[in-house]
>>> print(open('query_5.txt').read())   # compact mmCIF, C-alpha atoms and all ligand atoms
# COMPACT_ATOMS: atom_id res chain seq x y z
CA MET Q 1 -3.03 -28.78 -12.53
CA ILE Q 2 -5.06 -26.83 -10.04
CA ASN Q 3 -8.15 -28.92 -9.31
CA ARG Q 4 -11.18 -26.95 -8.19
CA GLU Q 5 -12.97 -29.91 -6.66
CA ARG Q 6 -9.94 -31.06 -4.69
CA LEU Q 7 -9.31 -27.50 -3.51
CA VAL Q 8 -12.89 -27.10 -2.27
CA LYS Q 9 -12.64 -30.45 -0.49
CA THR Q 10 -9.37 -29.49 1.19
CA PHE Q 11 -10.94 -26.24 2.32
CA THR Q 12 -14.17 -27.76 3.65
CA ASP Q 13 -12.17 -30.51 5.40
CA LEU Q 14 -9.85 -28.00 7.07
CA VAL Q 15 -12.59 -25.67 8.31
CA GLN Q 16 -14.14 -28.64 10.09
CA ILE Q 17 -11.02 -28.98 12.21
CA ASP Q 18 -11.57 -26.57 15.10
CA SER Q 19 -8.57 -24.29 15.57
CA PRO Q 20 -9.43 -21.23 17.64
CA SER Q 21 -6.34 -19.25 18.68
CA GLY Q 22 -4.30 -21.25 21.16
CA GLU Q 23 -5.90 -24.55 20.16
CA GLU Q 24 -4.24 -25.25 16.82
CA GLU Q 25 -2.83 -28.70 17.63
CA ALA Q 26 -5.23 -30.82 15.53
CA MET Q 27 -4.80 -28.44 12.63
CA ALA Q 28 -1.00 -28.48 12.99
CA GLU Q 29 -0.99 -32.28 12.93
CA GLU Q 30 -3.17 -32.44 9.83
CA LEU Q 31 -1.02 -29.87 8.01
CA THR Q 32 2.17 -31.65 9.02
CA ARG Q 33 0.77 -34.88 7.59
CA ARG Q 34 -0.19 -33.19 4.32
CA LEU Q 35 3.12 -31.36 3.92
CA GLU Q 36 5.10 -34.52 4.63
CA GLY Q 37 2.99 -36.19 1.95
CA PHE Q 38 4.57 -33.81 -0.56
CA GLY Q 39 8.03 -34.94 0.52
CA LEU Q 40 8.80 -31.75 2.42
CA THR Q 41 10.76 -31.77 5.66
CA VAL Q 42 8.37 -30.58 8.34
CA ARG Q 43 9.35 -29.33 11.77
CA ARG Q 44 7.66 -27.51 14.61
CA ASP Q 45 9.45 -24.65 16.31
CA SER Q 46 9.35 -24.36 20.07
CA TYR Q 47 6.17 -22.27 19.85
CA GLY Q 48 4.38 -24.91 17.76
CA ASN Q 49 4.44 -23.12 14.42
CA VAL Q 50 4.63 -25.55 11.49
CA ILE Q 51 7.65 -24.99 9.24
CA ALA Q 52 8.31 -26.98 6.09
CA THR Q 53 11.14 -26.85 3.57
CA ASP Q 54 12.20 -28.66 0.42
CA GLY Q 55 15.83 -28.04 1.38
CA ARG Q 56 16.68 -26.15 -1.79
CA PRO Q 57 18.60 -22.87 -1.70
CA ASP Q 58 17.11 -19.39 -1.97
CA PRO Q 59 13.53 -20.42 -1.21
CA LEU Q 60 10.31 -18.46 -1.34
CA LEU Q 61 8.29 -18.53 1.88
CA LEU Q 62 4.57 -19.29 1.59
CA SER Q 63 2.69 -18.40 4.73
CA ALA Q 64 -0.75 -18.49 6.33
CA HIS Q 65 -2.01 -18.85 9.88
CA MET Q 66 -3.68 -21.88 11.41
CA ASP Q 67 -5.94 -20.21 13.97
CA THR Q 68 -9.40 -18.71 13.58
CA VAL Q 69 -11.53 -16.31 15.61
CA GLU Q 70 -14.66 -17.28 17.54
CA PRO Q 71 -17.38 -18.39 17.10
CA GLY Q 72 -15.34 -20.91 15.17
CA ARG Q 73 -16.08 -24.33 16.69
CA GLY Q 74 -18.11 -26.98 14.90
CA VAL Q 75 -18.10 -25.15 11.55
CA LYS Q 76 -20.51 -26.70 9.06
CA PRO Q 77 -19.50 -25.52 5.60
CA SER Q 78 -21.79 -25.84 2.62
CA VAL Q 79 -21.28 -25.10 -1.04
CA ASP Q 80 -23.91 -22.83 -2.52
CA GLY Q 81 -23.20 -22.35 -6.23
CA ASP Q 82 -19.90 -20.53 -6.46
CA ARG Q 83 -19.84 -19.76 -2.75
CA ILE Q 84 -18.91 -21.59 0.40
CA VAL Q 85 -20.73 -20.48 3.56
CA SER Q 86 -21.16 -21.61 7.16
CA ASP Q 87 -24.56 -22.49 8.64
CA GLY Q 88 -24.77 -18.96 10.05
CA THR Q 89 -24.04 -19.87 13.66
CA THR Q 90 -20.26 -19.74 13.29
CA ILE Q 91 -17.67 -18.04 11.16
CA LEU Q 92 -16.60 -20.05 8.13
CA GLY Q 93 -12.89 -19.97 8.91
CA GLY Q 94 -11.84 -18.80 5.45
CA ASP Q 95 -9.47 -16.53 7.37
CA CYS Q 96 -6.99 -18.09 7.02
CA LYS Q 97 -7.94 -21.58 5.80
CA CYS Q 98 -8.45 -20.18 2.30
CA GLY Q 99 -4.77 -19.28 2.36
CA VAL Q 100 -3.76 -22.64 3.78
CA SER Q 101 -5.86 -24.52 1.20
CA ALA Q 102 -4.55 -22.47 -1.72
CA ILE Q 103 -0.95 -23.19 -0.69
CA LEU Q 104 -1.67 -26.92 -0.30
CA GLU Q 105 -3.43 -27.10 -3.67
CA ALA Q 106 -0.54 -25.30 -5.39
CA LEU Q 107 1.97 -27.72 -3.86
CA GLU Q 108 -0.20 -30.70 -4.77
CA SER Q 109 -0.46 -29.44 -8.35
CA VAL Q 110 3.27 -28.86 -8.72
CA TYR Q 111 4.31 -32.18 -7.23
CA GLU Q 112 1.68 -34.35 -8.95
CA ASP Q 113 2.91 -33.05 -12.29
CA GLY Q 114 6.38 -34.17 -11.28
CA LEU Q 115 7.71 -30.67 -11.81
CA THR Q 116 10.70 -29.30 -10.02
CA PRO Q 117 9.53 -25.91 -8.82
CA HIS Q 118 11.67 -23.09 -10.16
CA THR Q 119 12.24 -21.84 -6.67
CA GLY Q 120 13.07 -23.49 -3.39
CA ILE Q 121 10.06 -23.67 -1.09
CA GLU Q 122 9.55 -22.91 2.57
CA VAL Q 123 6.15 -22.97 4.22
CA ALA Q 124 5.21 -21.42 7.57
CA PHE Q 125 1.81 -22.10 9.10
CA THR Q 126 1.65 -19.97 12.23
CA ARG Q 127 -0.32 -20.10 15.45
CA GLU Q 128 -2.24 -17.34 17.25
CA GLU Q 129 -2.22 -14.74 14.50
CA GLU Q 130 -5.64 -13.46 15.47
CA ILE Q 131 -4.68 -12.53 19.00
CA GLY Q 132 -1.83 -10.23 17.99
CA LEU Q 133 0.51 -12.05 15.58
CA VAL Q 134 1.76 -14.03 18.56
CA GLY Q 135 2.85 -17.14 16.64
CA ALA Q 136 4.80 -15.14 14.06
CA ARG Q 137 6.45 -13.08 16.76
CA ASN Q 138 7.59 -16.24 18.48
CA LEU Q 139 8.53 -17.94 15.23
CA ASP Q 140 12.02 -19.43 15.19
CA PHE Q 141 13.40 -17.48 12.24
CA SER Q 142 16.64 -19.45 12.39
CA MET Q 143 14.66 -22.29 10.80
CA LEU Q 144 13.91 -20.14 7.73
CA THR Q 145 16.25 -18.89 5.03
CA ALA Q 146 13.77 -17.18 2.68
CA LYS Q 147 14.23 -13.48 2.02
CA GLU Q 148 10.83 -13.11 0.41
CA ALA Q 149 7.46 -14.17 1.78
CA ILE Q 150 3.98 -14.36 0.31
CA VAL Q 151 1.36 -14.15 3.03
CA PHE Q 152 -2.02 -15.56 1.99
CA ASP Q 153 -4.15 -13.69 4.48
CA GLY Q 154 -5.82 -10.76 2.69
CA GLU Q 155 -9.50 -10.10 2.15
CA GLY Q 156 -10.96 -10.38 -1.36
CA SER Q 157 -9.57 -11.80 -4.57
CA ALA Q 158 -6.01 -12.95 -5.20
CA ALA Q 159 -5.39 -9.74 -7.14
CA GLN Q 160 -5.87 -7.71 -3.94
CA ILE Q 161 -2.46 -6.76 -2.62
CA THR Q 162 -2.21 -5.04 0.76
CA SER Q 163 -0.22 -1.93 -0.10
CA SER Q 164 0.31 -0.70 3.42
CA SER Q 165 -0.48 -1.48 7.00
CA PRO Q 166 -0.41 0.85 10.00
CA THR Q 167 1.60 0.79 13.18
CA TYR Q 168 -0.64 -0.47 15.97
CA ILE Q 169 -0.07 0.70 19.52
CA GLY Q 170 -2.06 -0.71 22.40
CA PHE Q 171 -2.32 1.09 25.73
CA ASP Q 172 -3.47 0.21 29.22
CA ILE Q 173 -4.07 2.82 31.87
CA GLU Q 174 -4.64 1.79 35.44
CA ILE Q 175 -6.13 4.38 37.75
CA THR Q 176 -6.05 3.97 41.50
CA GLY Q 177 -8.15 6.23 43.70
CA ARG Q 178 -9.50 5.40 47.15
CA ALA Q 179 -12.51 3.36 48.15
CA ALA Q 180 -15.10 4.63 50.66
CA HIS Q 181 -18.72 3.92 51.57
CA ALA Q 182 -20.79 5.77 48.98
CA GLY Q 183 -23.56 6.76 51.40
CA VAL Q 184 -21.80 7.14 54.71
CA GLU Q 185 -18.53 8.90 53.91
CA PRO Q 186 -18.08 9.54 50.17
CA GLU Q 187 -15.82 12.52 51.08
CA LYS Q 188 -13.13 10.05 52.09
CA GLY Q 189 -13.17 8.38 48.71
CA LEU Q 190 -11.53 9.24 45.43
CA SER Q 191 -13.42 7.73 42.52
CA ALA Q 192 -11.24 6.07 39.92
CA ILE Q 193 -14.26 6.04 37.58
CA ARG Q 194 -14.63 9.81 37.84
CA ILE Q 195 -10.91 10.20 37.11
CA ALA Q 196 -11.21 7.84 34.13
CA ALA Q 197 -14.04 9.98 32.78
CA GLU Q 198 -11.90 13.12 33.05
CA LEU Q 199 -9.12 11.37 31.20
CA ILE Q 200 -11.26 9.87 28.44
CA THR Q 201 -12.85 13.21 27.56
CA ARG Q 202 -9.33 14.53 26.97
CA LEU Q 203 -8.45 11.73 24.53
CA PRO Q 204 -9.36 11.51 20.84
CA GLN Q 205 -11.82 8.89 19.53
CA GLY Q 206 -12.62 7.23 16.22
CA ARG Q 207 -11.12 8.07 12.86
CA LEU Q 208 -8.71 10.97 13.27
CA ASP Q 209 -7.63 11.22 9.65
CA GLU Q 210 -7.39 9.05 6.56
CA GLU Q 211 -4.58 6.96 8.02
CA THR Q 212 -5.19 7.20 11.77
CA THR Q 213 -7.72 5.73 14.19
CA PHE Q 214 -8.04 5.79 17.97
CA ASN Q 215 -10.24 3.60 20.15
CA ILE Q 216 -10.94 2.95 23.79
CA GLY Q 217 -12.30 -0.56 23.67
CA ASN Q 218 -12.71 -1.56 27.27
CA ILE Q 219 -13.16 -0.02 30.71
CA GLU Q 220 -13.34 -1.94 33.94
CA GLY Q 221 -13.79 -0.19 37.23
CA GLY Q 222 -15.26 -0.41 40.69
CA THR Q 223 -16.69 -3.39 42.50
CA VAL Q 224 -20.14 -2.66 43.91
CA ARG Q 225 -22.88 -0.04 43.62
CA ASN Q 226 -22.42 1.44 47.09
CA ALA Q 227 -18.67 1.94 47.17
CA VAL Q 228 -16.58 4.70 45.68
CA ALA Q 229 -14.58 2.95 42.96
CA GLU Q 230 -10.97 2.46 43.94
CA THR Q 231 -9.59 1.21 40.62
CA THR Q 232 -10.37 1.53 36.94
CA ILE Q 233 -8.54 0.06 33.99
CA ILE Q 234 -8.79 1.46 30.48
CA ASN Q 235 -7.67 -0.53 27.42
CA GLY Q 236 -7.34 1.17 24.09
CA GLU Q 237 -5.41 1.26 20.86
CA PHE Q 238 -4.42 3.62 18.10
CA ARG Q 239 -3.15 3.00 14.59
CA SER Q 240 -1.56 5.12 11.93
CA ARG Q 241 0.64 4.79 8.90
CA ASN Q 242 2.18 8.15 9.79
CA ILE Q 243 5.01 8.05 12.32
CA GLU Q 244 4.65 11.75 13.14
CA THR Q 245 0.95 11.35 13.89
CA LEU Q 246 1.75 8.43 16.20
CA ASP Q 247 4.23 10.60 18.09
CA ASN Q 248 1.66 13.37 18.37
CA ILE Q 249 -0.89 10.98 19.83
CA ARG Q 250 1.68 9.73 22.34
CA VAL Q 251 2.24 13.34 23.43
CA GLN Q 252 -1.51 13.96 23.59
CA ILE Q 253 -1.99 10.95 25.88
CA SER Q 254 0.85 12.01 28.11
CA GLU Q 255 -0.45 15.60 28.36
CA ALA Q 256 -3.93 14.35 29.20
CA LEU Q 257 -2.47 12.14 31.91
CA ASP Q 258 -0.48 15.06 33.35
CA GLU Q 259 -3.53 17.31 33.44
CA VAL Q 260 -5.60 14.70 35.23
CA ARG Q 261 -2.78 13.90 37.65
CA GLU Q 262 -2.70 17.59 38.50
CA MET Q 263 -6.46 17.60 39.13
CA PHE Q 264 -6.23 14.53 41.39
CA PRO Q 265 -2.78 14.59 43.02
CA GLU Q 266 -3.68 11.72 45.34
CA ALA Q 267 -4.59 9.36 42.53
CA ILE Q 268 -2.15 7.04 40.80
CA LEU Q 269 -2.33 6.85 37.02
CA ASP Q 270 -0.16 4.12 35.55
CA ASP Q 271 0.12 3.99 31.80
CA HIS Q 272 1.65 1.36 29.57
CA LEU Q 273 1.97 1.64 25.79
CA HIS Q 274 3.05 -1.32 23.68
CA THR Q 275 3.67 -1.53 19.94
CA GLU Q 276 1.82 -4.57 18.60
CA PHE Q 277 3.07 -4.25 15.04
CA GLU Q 278 4.82 -1.70 12.88
CA THR Q 279 3.73 0.03 9.71
CA TYR Q 280 4.96 -0.69 6.23
CA THR Q 281 4.21 0.61 2.76
CA LEU Q 282 5.20 -1.43 -0.27
CA SER Q 283 7.71 0.28 -2.52
CA ASP Q 284 7.93 0.04 -6.31
CA ASP Q 285 11.08 -2.01 -6.09
CA ASP Q 286 9.87 -4.46 -3.45
CA PRO Q 287 11.02 -7.91 -4.66
CA ALA Q 288 8.10 -9.99 -3.32
CA THR Q 289 5.58 -7.47 -4.65
CA ASN Q 290 7.15 -7.54 -8.10
CA ARG Q 291 7.09 -11.29 -8.04
CA VAL Q 292 3.35 -11.32 -7.22
CA VAL Q 293 2.55 -8.61 -9.78
CA GLY Q 294 4.35 -10.60 -12.47
CA ALA Q 295 2.58 -13.83 -11.53
CA LEU Q 296 -0.85 -12.13 -11.46
CA ARG Q 297 -0.35 -10.54 -14.87
CA GLY Q 298 0.76 -13.90 -16.21
CA LEU Q 299 -2.65 -15.21 -15.11
CA GLY Q 300 -4.44 -12.28 -16.75
CA LEU Q 301 -5.24 -10.66 -13.40
CA GLU Q 302 -4.54 -6.97 -12.84
CA PRO Q 303 -3.18 -6.27 -9.34
CA ILE Q 304 -5.27 -4.02 -7.11
CA PHE Q 305 -3.33 -2.27 -4.37
CA SER Q 306 -5.26 -1.17 -1.30
CA PRO Q 307 -4.21 -0.15 2.22
CA SER Q 308 -5.31 -2.15 5.21
CA GLY Q 309 -6.15 -0.97 8.72
CA GLY Q 310 -5.14 -4.30 10.19
CA GLY Q 311 -1.95 -6.27 10.63
CA THR Q 312 -0.89 -9.72 9.52
CA ASP Q 313 2.11 -11.96 9.97
CA GLY Q 314 3.49 -9.96 7.03
CA ASN Q 315 4.16 -7.08 9.46
CA VAL Q 316 6.33 -9.37 11.55
CA PHE Q 317 8.15 -10.81 8.53
CA ARG Q 318 8.89 -7.27 7.32
CA LEU Q 319 10.20 -6.32 10.74
CA ARG Q 320 12.51 -9.34 10.40
CA GLY Q 321 13.93 -7.90 7.19
CA MET Q 322 11.98 -10.07 4.75
CA SER Q 323 10.24 -8.68 1.72
CA ALA Q 324 6.73 -9.87 2.58
CA VAL Q 325 3.57 -9.19 0.64
CA VAL Q 326 -0.01 -9.98 1.65
CA VAL Q 327 -2.41 -11.17 -1.05
CA GLY Q 328 -6.16 -11.80 -1.06
CA MET Q 329 -7.38 -15.35 -0.53
CA ALA Q 330 -11.02 -15.22 -1.72
CA ASP Q 331 -12.48 -14.62 1.73
CA HIS Q 332 -15.19 -12.02 2.34
CA GLY Q 333 -16.89 -10.78 5.51
CA MET Q 334 -14.04 -12.08 7.65
CA HIS Q 335 -14.64 -12.55 11.38
CA THR Q 336 -18.43 -12.62 10.98
CA VAL Q 337 -21.00 -15.42 10.72
CA ARG Q 338 -21.85 -14.02 7.27
CA GLU Q 339 -18.36 -14.84 6.00
CA TYR Q 340 -18.22 -16.47 2.56
CA VAL Q 341 -15.65 -17.71 0.10
CA VAL Q 342 -15.94 -17.19 -3.64
CA ILE Q 343 -14.78 -20.45 -5.21
CA PRO Q 344 -13.47 -19.04 -8.52
CA GLU Q 345 -11.42 -16.54 -6.51
CA LEU Q 346 -10.08 -19.36 -4.33
CA VAL Q 347 -9.06 -21.19 -7.51
CA ASP Q 348 -7.30 -17.99 -8.65
CA THR Q 349 -5.45 -17.81 -5.33
CA ALA Q 350 -4.21 -21.38 -5.82
CA HIS Q 351 -3.22 -20.49 -9.40
CA LEU Q 352 -1.30 -17.48 -8.10
CA CYS Q 353 0.54 -19.61 -5.57
CA GLU Q 354 1.33 -22.21 -8.22
CA ALA Q 355 2.56 -19.55 -10.65
CA LEU Q 356 4.87 -18.20 -7.96
CA LEU Q 357 6.47 -21.60 -7.65
CA ARG Q 358 6.77 -22.26 -11.35
CA GLU Q 359 8.00 -18.90 -12.47
CA ARG Q 360 11.09 -17.09 -11.48
CA GLU Q 361 13.12 -14.80 -13.60
ZN ZN F 401 -6.07 -13.79 8.95
>>> encode(input="query_5.txt", output="structure tokens", more="lines below")
Ligand SMILES: [Zn+2]
Amino acid sequence: MINRERLVKTFTDLVQIDSPSGEEEAMAEELTRRLEGFGLTVRRDSYGNVIATDGRPDPLLLSAHMDTVEPGRGVKPSVDGDRIVSDGTTILGGDCKCGVSAILEALESVYEDGLTPHTGIEVAFTREEEIGLVGARNLDFSMLTAKEAIVFDGEGSAAQITSSSPTYIGFDIEITGRAAHAGVEPEKGLSAIRIAAELITRLPQGRLDEETTFNIGNIEGGTVRNAVAETTIINGEFRSRNIETLDNIRVQISEALDEVREMFPEAILDDHLHTEFETYTLSDDDPATNRVVGALRGLGLEPIFSPSGGGTDGNVFRLRGMSAVVVGMADHGMHTVREYVVIPELVDTAHLCEALLRERE
């Protein structure tokens, strides 16, 4: 049986293990210990992701990530009625330790009752999700056989299913002009900052339409006040669920670059675009989605489908041909010091996970 008290304890214990992206070792060791306690075979892939299996055929993959964002060190959780909060100086770490805790509680519940789950089980706890799905992208998929994955990494209640996620393209533009003394001979210089300004005013910004956003998040340029800036680097990103729109933005960037190159023929503008993750939209016949919908309804919860502007390991699993669905894990205000977890929702998430293991038509 799902045990609220045990679940809350697992959660508060796990959030007190620091695991900022890249420093997941203590967390990985603790999770390995717990998974082995259930009798699962636990291995680490070469990237350090934790992968567990019960060895049975045709398993369902349960997944969450081990890392958290900053400020996430020395988290002091406290229970306040039906909520769990941090002391306000750090995040709580519910993203994604709610997901991890719900999976562990579901496994605990199934195994303590001596039940043979109706489905084989695989578990993947990944590293470095928060810095660009890096762990999932480096995951050794040869160690997994599941065709369906449930990713416990969504905001809000367990009934919240992420219906779609955009393609995310990052870009870096490096501009090289020519340095010169700003007071003595500025004519000899070619300001990379000035060129960057010309470029940026030709690029879109903010929300472009319901499914598309564009952002320049960082500019670095120049060295000192009294020198014409020789280099400037621009980092940005754009996201859309519409492939055509993405292509149009690519063209827009390239036209803007061409125009600016024409204005400043002596400057060098180097651009680099990289796809961080690819869009998906759940279809009506998606197997993992149907499985979750059935389990939710069995618990008396009505699924709520909403699009997300972000990506999760689910994007990577989908790219790998798995039917992956992202569900809510009771976390709210993710990535802020005001983050909180609603305990009854966390219990529901554990119930959902348990139902997925017990039921299979
Ligand atoms: Zn997350």
>>> closest_residue(input="query_5.txt", among="Q:Val337, Q:Ile195, Q:Ala179, Q:Ala64", to="ligand ZN 401 (chain F)", atoms="all atoms listed in the file")
Q:Ala64
>>> residues_near_point(input="query_5.txt", point="(-0.5, -8.9, -4.5)", cutoff="9 Å", atoms="all atoms listed in the file", output="VMD selection string")
chain Q and resid 150 158 to 163 288 to 293 296 303 to 305 325 to 328
>>> closest_atom_pairs(input="query_5.txt", of="chain Q", to="ligand ZN 401 (chain F)", cutoff="6 Å", atoms="only C-alpha atoms and all ligand atoms", output="Markdown table")
| residue | atom | partner | partner_atom | distance |
| --- | --- | --- | --- | --- |
| Q:Asp95 | CA | F:ZN401 | ZN | 4.6 |
| Q:Cys96 | CA | F:ZN401 | ZN | 4.8 |
| Q:Asp153 | CA | F:ZN401 | ZN | 4.9 |
>>> residues_around(input="query_5.txt", residues="Q:Ser165", least_positions_apart="2", cutoff="12 Å", atoms="all atoms listed in the file", output="PyMOL selection string")
chain Q and resi 154+161-163+167-168+211-212+239-242+277-282+305-316+318+324-326
>>> closest_residue(input="query_5.txt", among="Q:Met143, Q:Ile343, Q:Val69, Q:Ala192", to="Q:Ile131", atoms="all atoms listed in the file")
Q:Val69
>>> closest_residue(input="query_5.txt", among="Q:Asp67, Q:Gly55, Q:Cys98, Q:Glu122", to="Q:Ile84", atoms="all atoms listed in the file")
Q:Cys98
>>> atom_distance(input="query_5.txt", atom1="atom CA of Q:Ile233", atom2="atom CA of Q:Phe171")
10.4 Å
>>> closest_residue(input="query_5.txt", among="Q:Gly321, Q:Gly94, Q:Gly156, Q:Pro59", to="Q:Phe11", atoms="only C-alpha atoms")
Q:Gly94
>>> residues_around(input="query_5.txt", residues="Q:Arg34", least_positions_apart="2", cutoff="12 Å", atoms="only C-alpha atoms", output="list in words")
Thr10, Leu14, Met27, Ala28, Glu29, Glu30, Leu31, Thr32, Glu36, Gly37, Phe38, Gly39, Leu40, Thr41, Val42, Val50, Ala52, Val100, Ser101, Ile103, Leu104, Glu105, Leu107 and Glu108 of chain Q
>>> closest_residue(input="query_5.txt", among="Q:Met66, Q:Met322, Q:Leu61, Q:Met1", to="Q:Gly22", atoms="only C-alpha atoms")
Q:Met66
>>> residues_around(input="query_5.txt", residues="stretch 198-207 of chain Q", least_positions_apart="6", cutoff="8 Å", atoms="only C-alpha atoms", output="VMD selection string")
chain Q and resid 213 to 216 252 to 253 256 to 257 260
>>> build_atoms(input="query_5.txt", residues="stretch 147-158 of chain Q", atoms="N, CA and C atoms", output="mmCIF file, keeping the file's coordinate frame")
data_model
loop_
_atom_site.group_PDB
_atom_site.id
_atom_site.type_symbol
_atom_site.label_atom_id
_atom_site.label_comp_id
_atom_site.auth_asym_id
_atom_site.auth_seq_id
_atom_site.Cartn_x
_atom_site.Cartn_y
_atom_site.Cartn_z
ATOM 1 N N LYS Q 147 14.148 -14.937 1.885
ATOM 2 C CA LYS Q 147 14.230 -13.480 2.020
ATOM 3 C C LYS Q 147 12.942 -12.835 1.553
ATOM 4 N N GLU Q 148 12.106 -13.642 0.882
ATOM 5 C CA GLU Q 148 10.830 -13.110 0.410
ATOM 6 C C GLU Q 148 9.710 -14.024 0.889
ATOM 7 N N ALA Q 149 8.592 -13.394 1.266
ATOM 8 C CA ALA Q 149 7.460 -14.170 1.780
ATOM 9 C C ALA Q 149 6.167 -13.708 1.112
ATOM 10 N N ILE Q 150 5.317 -14.674 0.786
ATOM 11 C CA ILE Q 150 3.980 -14.360 0.310
ATOM 12 C C ILE Q 150 3.018 -14.807 1.400
ATOM 13 N N VAL Q 151 2.273 -13.854 1.938
ATOM 14 C CA VAL Q 151 1.360 -14.150 3.030
ATOM 15 C C VAL Q 151 -0.064 -14.202 2.471
ATOM 16 N N PHE Q 152 -0.660 -15.375 2.519
ATOM 17 C CA PHE Q 152 -2.020 -15.560 1.990
ATOM 18 C C PHE Q 152 -3.006 -15.301 3.115
ATOM 19 N N ASP Q 153 -3.303 -14.037 3.333
ATOM 20 C CA ASP Q 153 -4.150 -13.690 4.480
ATOM 21 C C ASP Q 153 -4.921 -12.394 4.241
ATOM 22 N N GLY Q 154 -5.104 -12.005 2.959
ATOM 23 C CA GLY Q 154 -5.820 -10.760 2.690
ATOM 24 C C GLY Q 154 -7.286 -11.032 2.362
ATOM 25 N N GLU Q 155 -8.085 -9.989 2.499
ATOM 26 C CA GLU Q 155 -9.500 -10.100 2.150
ATOM 27 C C GLU Q 155 -9.644 -9.954 0.626
ATOM 28 N N GLY Q 156 -10.667 -10.571 0.062
ATOM 29 C CA GLY Q 156 -10.960 -10.380 -1.360
ATOM 30 C C GLY Q 156 -10.160 -11.276 -2.280
ATOM 31 N N SER Q 157 -10.153 -10.930 -3.556
ATOM 32 C CA SER Q 157 -9.570 -11.800 -4.570
ATOM 33 C C SER Q 157 -8.045 -11.825 -4.494
ATOM 34 N N ALA Q 158 -7.468 -12.782 -5.199
ATOM 35 C CA ALA Q 158 -6.010 -12.950 -5.200
ATOM 36 C C ALA Q 158 -5.296 -11.720 -5.743
#
